[in-house]
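Colleague: Can you keep this structure in mind? I'll have questions shortly.
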Amino acid sequence: QVQLVESGGGSVQAGGSLTLSCRAPGNIYRSHCMGWFRQTSGDKREEREAVATIYTDTGTTDYADFAKGSFTIFQHNSNNSVTLQMNSLKPEDTAKYYCVLDWGHCRANWWDQGSYAFWGQGTQVTVSS
């Protein structure tokens, strides 16, 4: 089992920024697909939507349409982590955000939560109007 450690959630007013961080074990961090999903309501895993991914070998990224222009995913090889910088947050961005990891390259269907073998526990982001 791969343990992904998330941090950085919290509450912010609309228009504000937050940065989420996810740390993976050092022995598996490189050359794998990592990213973020979110769940805005409910507790069914199938309701989770992709936010962004990054392939930690090349830095290749993918973003959901809603994330383009305001969210940025980064990798930090020095501490085996990826971060999600979220700017211009809106109340509809309120969700529980989950870090994900899968072996090897990010798949063509990177938006499909079934593509990820490992999930973090999630961190709550609340954006107030």
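Every chain in the structure tokens takes a letter, A first, then B, and so on in the order presented; its residues are numbered from 1, and the ligands are numbered from 1 following the presented order.
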For the structure I just gave you, how does DSSP split chain A - specifically, which residues are helix (DSSP H, G or I)? Reply as a ChimeraX atom specification.
Modeller: /A:45-47,65-67,77-79,91-93,113-115
Colleague: Just the selected residues (C-alpha atoms), exported as a JSON list (two decimals), in the first residue's frame, please.
Modeller:
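Wrote out34.json, looks like this:
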```
[["chain", "number", "residue", "atom", "x", "y", "z"],
["A", 45, "ARG", "CA", -16.24, 7.55, -5.14],
["A", 46, "GLU", "CA", -17.71, 7.65, -8.64],
["A", 47, "GLU", "CA", -18.66, 11.28, -8.06],
["A", 65, "ASP", "CA", -11.22, 22.50, -18.35],
["A", 66, "PHE", "CA", -12.40, 24.22, -15.18],
["A", 67, "ALA", "CA", -8.84, 24.20, -13.82],
["A", 77, "ASN", "CA", 11.66, 16.37, -6.60],
["A", 78, "SER", "CA", 13.56, 17.51, -3.53],
["A", 79, "ASN", "CA", 10.84, 16.21, -1.21],
["A", 91, "PRO", "CA", -17.47, 28.85, -4.12],
["A", 92, "GLU", "CA", -18.04, 26.02, -6.58],
["A", 93, "ASP", "CA", -14.45, 24.91, -5.98],
["A", 113, "GLN", "CA", -10.63, 7.86, -11.43],
["A", 114, "GLY", "CA", -10.33, 4.17, -12.22],
["A", 115, "SER", "CA", -6.90, 4.91, -13.67]]
```
Colleague: From a DSSP calculation on the backbone, collect every residue of chain A in strand (DSSP E) and output the set as a count of residues only.
Modeller: 61
Colleague: Which value, in Å to one decimal, gives the distance between atom CA of Asp102 of chain A and atom CA of Gly10 of chain A?
Modeller: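 Interatomic distance, atom CA of Asp102 of chain A to atom CA of Gly10 of chain A: 26.0 Å.
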Colleague: What is the distance between atom CA of Thr60 of chain A and atom CA of Ala14 of chain A, in Å to one decimal?
Modeller: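 Computing the Euclidean distance for atom CA of Thr60 of chain A and atom CA of Ala14 of chain A yields 29.1 Å.
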Colleague: What is the distance between atom CA of Ser129 of chain A and atom CA of Thr61 of chain A, in Å to one decimal?
Modeller: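 Spanning atom CA of Ser129 of chain A to atom CA of Thr61 of chain A is a straight-line distance of 29.8 Å.
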Colleague: Could you name the residues that touch Gly9 of chain A at 10 Å or less, counting only C-alpha atoms, but leaving out those on the same chain fewer than 5 positions away, as a list in words?
Modeller: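 Neighbouring residues, sequence-local ones excluded: Leu18, Thr19, Leu20, Ser21, Ala95, Lys96, Tyr97, Gly122, Thr123, Gln124, Val125 and Thr126 of chain A.
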Colleague: What lies within 12 Å of Arg107 of chain A using only C-alpha atoms, ignoring chain neighbours under 3 positions off, as a VMD selection string?
Modeller: chain A and resid 32 to 35 53 to 55 60 to 62 101 to 104 110 to 116
Colleague: For the selection just defined, write its residues with N, CA, C and O atoms to a file, as a PDB file, in the first residue's frame.
Modeller:
```pdb
ATOM      1  N   HIS A  32       6.162   8.288 -12.162  1.00  0.00           N
ATOM      2  CA  HIS A  32       4.788   7.835 -11.986  1.00  0.00           C
ATOM      3  C   HIS A  32       3.843   9.007 -12.192  1.00  0.00           C
ATOM      4  O   HIS A  32       4.244  10.170 -12.188  1.00  0.00           O
ATOM      5  N   CYS A  33       2.598   8.677 -12.364  1.00  0.00           N
ATOM      6  CA  CYS A  33       1.583   9.694 -12.573  1.00  0.00           C
ATOM      7  C   CYS A  33       0.988  10.090 -11.234  1.00  0.00           C
ATOM      8  O   CYS A  33       0.513   9.236 -10.489  1.00  0.00           O
ATOM      9  N   MET A  34       1.011  11.362 -10.933  1.00  0.00           N
ATOM     10  CA  MET A  34       0.383  11.870  -9.709  1.00  0.00           C
ATOM     11  C   MET A  34      -0.561  13.000 -10.072  1.00  0.00           C
ATOM     12  O   MET A  34      -0.407  13.642 -11.113  1.00  0.00           O
ATOM     13  N   GLY A  35      -1.517  13.227  -9.207  1.00  0.00           N
ATOM     14  CA  GLY A  35      -2.457  14.290  -9.508  1.00  0.00           C
ATOM     15  C   GLY A  35      -3.469  14.507  -8.412  1.00  0.00           C
ATOM     16  O   GLY A  35      -3.298  14.042  -7.282  1.00  0.00           O
ATOM     17  N   THR A  53      -3.179  16.369 -13.458  1.00  0.00           N
ATOM     18  CA  THR A  53      -2.189  15.330 -13.230  1.00  0.00           C
ATOM     19  C   THR A  53      -0.836  15.776 -13.754  1.00  0.00           C
ATOM     20  O   THR A  53      -0.737  16.679 -14.586  1.00  0.00           O
ATOM     21  N   ILE A  54       0.200  15.084 -13.281  1.00  0.00           N
ATOM     22  CA  ILE A  54       1.551  15.341 -13.742  1.00  0.00           C
ATOM     23  C   ILE A  54       2.324  14.030 -13.752  1.00  0.00           C
ATOM     24  O   ILE A  54       2.174  13.206 -12.853  1.00  0.00           O
ATOM     25  N   TYR A  55       3.101  13.824 -14.811  1.00  0.00           N
ATOM     26  CA  TYR A  55       3.968  12.665 -14.883  1.00  0.00           C
ATOM     27  C   TYR A  55       5.323  13.107 -14.347  1.00  0.00           C
ATOM     28  O   TYR A  55       5.969  13.972 -14.934  1.00  0.00           O
ATOM     29  N   THR A  60       5.106  16.423 -17.626  1.00  0.00           N
ATOM     30  CA  THR A  60       3.938  16.595 -18.504  1.00  0.00           C
ATOM     31  C   THR A  60       2.670  16.678 -17.661  1.00  0.00           C
ATOM     32  O   THR A  60       2.464  15.872 -16.764  1.00  0.00           O
ATOM     33  N   THR A  61       1.827  17.644 -17.972  1.00  0.00           N
ATOM     34  CA  THR A  61       0.627  17.882 -17.184  1.00  0.00           C
ATOM     35  C   THR A  61      -0.642  17.791 -18.017  1.00  0.00           C
ATOM     36  O   THR A  61      -0.617  17.954 -19.240  1.00  0.00           O
ATOM     37  N   ASP A  62      -1.748  17.539 -17.334  1.00  0.00           N
ATOM     38  CA  ASP A  62      -3.074  17.609 -17.911  1.00  0.00           C
ATOM     39  C   ASP A  62      -3.978  18.324 -16.912  1.00  0.00           C
ATOM     40  O   ASP A  62      -3.803  18.158 -15.698  1.00  0.00           O
ATOM     41  N   LEU A 101      -2.134   8.600  -7.238  1.00  0.00           N
ATOM     42  CA  LEU A 101      -0.894   8.130  -7.860  1.00  0.00           C
ATOM     43  C   LEU A 101      -1.166   6.839  -8.598  1.00  0.00           C
ATOM     44  O   LEU A 101      -1.922   5.991  -8.127  1.00  0.00           O
ATOM     45  N   ASP A 102      -0.565   6.725  -9.766  1.00  0.00           N
ATOM     46  CA  ASP A 102      -0.615   5.456 -10.480  1.00  0.00           C
ATOM     47  C   ASP A 102       0.761   5.184 -11.070  1.00  0.00           C
ATOM     48  O   ASP A 102       1.546   6.103 -11.307  1.00  0.00           O
ATOM     49  N   TRP A 103       0.988   3.917 -11.335  1.00  0.00           N
ATOM     50  CA  TRP A 103       2.299   3.504 -11.818  1.00  0.00           C
ATOM     51  C   TRP A 103       2.533   3.972 -13.245  1.00  0.00           C
ATOM     52  O   TRP A 103       1.655   3.880 -14.092  1.00  0.00           O
ATOM     53  N   GLY A 104       3.726   4.466 -13.508  1.00  0.00           N
ATOM     54  CA  GLY A 104       4.119   4.777 -14.863  1.00  0.00           C
ATOM     55  C   GLY A 104       3.479   6.047 -15.403  1.00  0.00           C
ATOM     56  O   GLY A 104       3.045   6.927 -14.666  1.00  0.00           O
ATOM     57  N   TRP A 110      -6.755   9.981 -18.375  1.00  0.00           N
ATOM     58  CA  TRP A 110      -6.261  10.449 -17.085  1.00  0.00           C
ATOM     59  C   TRP A 110      -7.380  10.991 -16.197  1.00  0.00           C
ATOM     60  O   TRP A 110      -7.238  11.076 -14.991  1.00  0.00           O
ATOM     61  N   TRP A 111      -8.502  11.366 -16.814  1.00  0.00           N
ATOM     62  CA  TRP A 111      -9.607  11.940 -16.066  1.00  0.00           C
ATOM     63  C   TRP A 111     -10.444  10.871 -15.352  1.00  0.00           C
ATOM     64  O   TRP A 111     -11.305  11.185 -14.556  1.00  0.00           O
ATOM     65  N   ASP A 112     -10.207   9.637 -15.671  1.00  0.00           N
ATOM     66  CA  ASP A 112     -10.979   8.515 -15.134  1.00  0.00           C
ATOM     67  C   ASP A 112     -10.381   8.090 -13.793  1.00  0.00           C
ATOM     68  O   ASP A 112      -9.229   7.653 -13.734  1.00  0.00           O
ATOM     69  N   GLN A 113     -11.160   8.197 -12.747  1.00  0.00           N
ATOM     70  CA  GLN A 113     -10.625   7.863 -11.429  1.00  0.00           C
ATOM     71  C   GLN A 113     -10.204   6.413 -11.337  1.00  0.00           C
ATOM     72  O   GLN A 113      -9.384   6.052 -10.489  1.00  0.00           O
ATOM     73  N   GLY A 114     -10.744   5.568 -12.204  1.00  0.00           N
ATOM     74  CA  GLY A 114     -10.333   4.172 -12.224  1.00  0.00           C
ATOM     75  C   GLY A 114      -8.909   3.956 -12.680  1.00  0.00           C
ATOM     76  O   GLY A 114      -8.364   2.853 -12.561  1.00  0.00           O
ATOM     77  N   SER A 115      -8.275   5.010 -13.190  1.00  0.00           N
ATOM     78  CA  SER A 115      -6.900   4.906 -13.670  1.00  0.00           C
ATOM     79  C   SER A 115      -5.869   4.991 -12.552  1.00  0.00           C
ATOM     80  O   SER A 115      -4.676   4.886 -12.816  1.00  0.00           O
ATOM     81  N   TYR A 116      -6.318   5.190 -11.316  1.00  0.00           N
ATOM     82  CA  TYR A 116      -5.382   5.459 -10.221  1.00  0.00           C
ATOM     83  C   TYR A 116      -5.501   4.402  -9.136  1.00  0.00           C
ATOM     84  O   TYR A 116      -6.571   4.158  -8.596  1.00  0.00           O
TER      85      TYR A 116
END
```
Colleague: Write out as a PyMOL selection string the residues lying within 8 Å of Arg30 of chain A, counting only C-alpha atoms and excluding same-chain residues fewer than 5 positions away.
Modeller: chain A and resi 56-57+77+80
Colleague: For the selection just defined, write its residues with all heavy atoms to a file, as a short mmCIF file (atom, residue, chain, number, x, y, z; two decimals), in the first residue's frame.
Modeller:
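The result, stored in out-v1.cif:
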```cif
data_model
loop_
_atom_site.label_atom_id
_atom_site.label_comp_id
_atom_site.auth_asym_id
_atom_site.auth_seq_id
_atom_site.Cartn_x
_atom_site.Cartn_y
_atom_site.Cartn_z
N THR A 56 5.73 12.55 -13.23
CA THR A 56 6.87 13.10 -12.49
C THR A 56 8.22 12.86 -13.16
O THR A 56 9.23 13.37 -12.69
CB THR A 56 6.91 12.55 -11.06
OG1 THR A 56 7.00 11.12 -11.12
CG2 THR A 56 5.66 12.95 -10.29
N ASP A 57 8.23 12.11 -14.25
CA ASP A 57 9.49 11.92 -14.96
C ASP A 57 9.77 13.09 -15.91
O ASP A 57 10.87 13.63 -15.95
CB ASP A 57 9.45 10.61 -15.74
CG ASP A 57 10.81 10.24 -16.29
OD1 ASP A 57 11.83 10.57 -15.65
OD2 ASP A 57 10.89 9.62 -17.37
N ASN A 77 10.86 17.59 -6.73
CA ASN A 77 11.66 16.37 -6.60
C ASN A 77 12.46 16.33 -5.31
O ASN A 77 12.81 15.26 -4.83
CB ASN A 77 12.58 16.24 -7.80
CG ASN A 77 11.82 16.11 -9.11
OD1 ASN A 77 10.65 15.76 -9.12
ND2 ASN A 77 12.47 16.43 -10.21
N ASN A 80 9.85 14.79 -2.88
CA ASN A 80 8.93 13.75 -3.38
C ASN A 80 7.47 14.18 -3.34
O ASN A 80 6.59 13.40 -2.92
CB ASN A 80 9.09 12.46 -2.56
CG ASN A 80 10.52 12.05 -2.41
OD1 ASN A 80 11.32 12.18 -3.34
ND2 ASN A 80 10.88 11.57 -1.23
#
```
Colleague: Using only C-alpha atoms, which of A:Gln121, A:Thr40, A:Gln85, A:Gln13 sits nearest Val100 of chain A?
Modeller: A:Gln121
Colleague: Pick out the residues sitting within 7 Å of segment 23-26 of chain A, and hand them over as a list of chain:residue names; count only C-alpha atoms, and ignore anything fewer than 2 positions along from it in its own chain.
Modeller: A:Gln3, A:Leu4, A:Val5, A:Glu6, A:Ser21, A:Ile28, A:Tyr29, A:Asn80, A:Ser81, A:Val82
Colleague: Could you tell me which of A:Leu84, A:Cys22, A:Val2, A:Cys99 comes closest to Arg48 of chain A if we count only C-alpha atoms?
Modeller: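 For Arg48 of chain A, the nearest of the given residues is A:Cys99.
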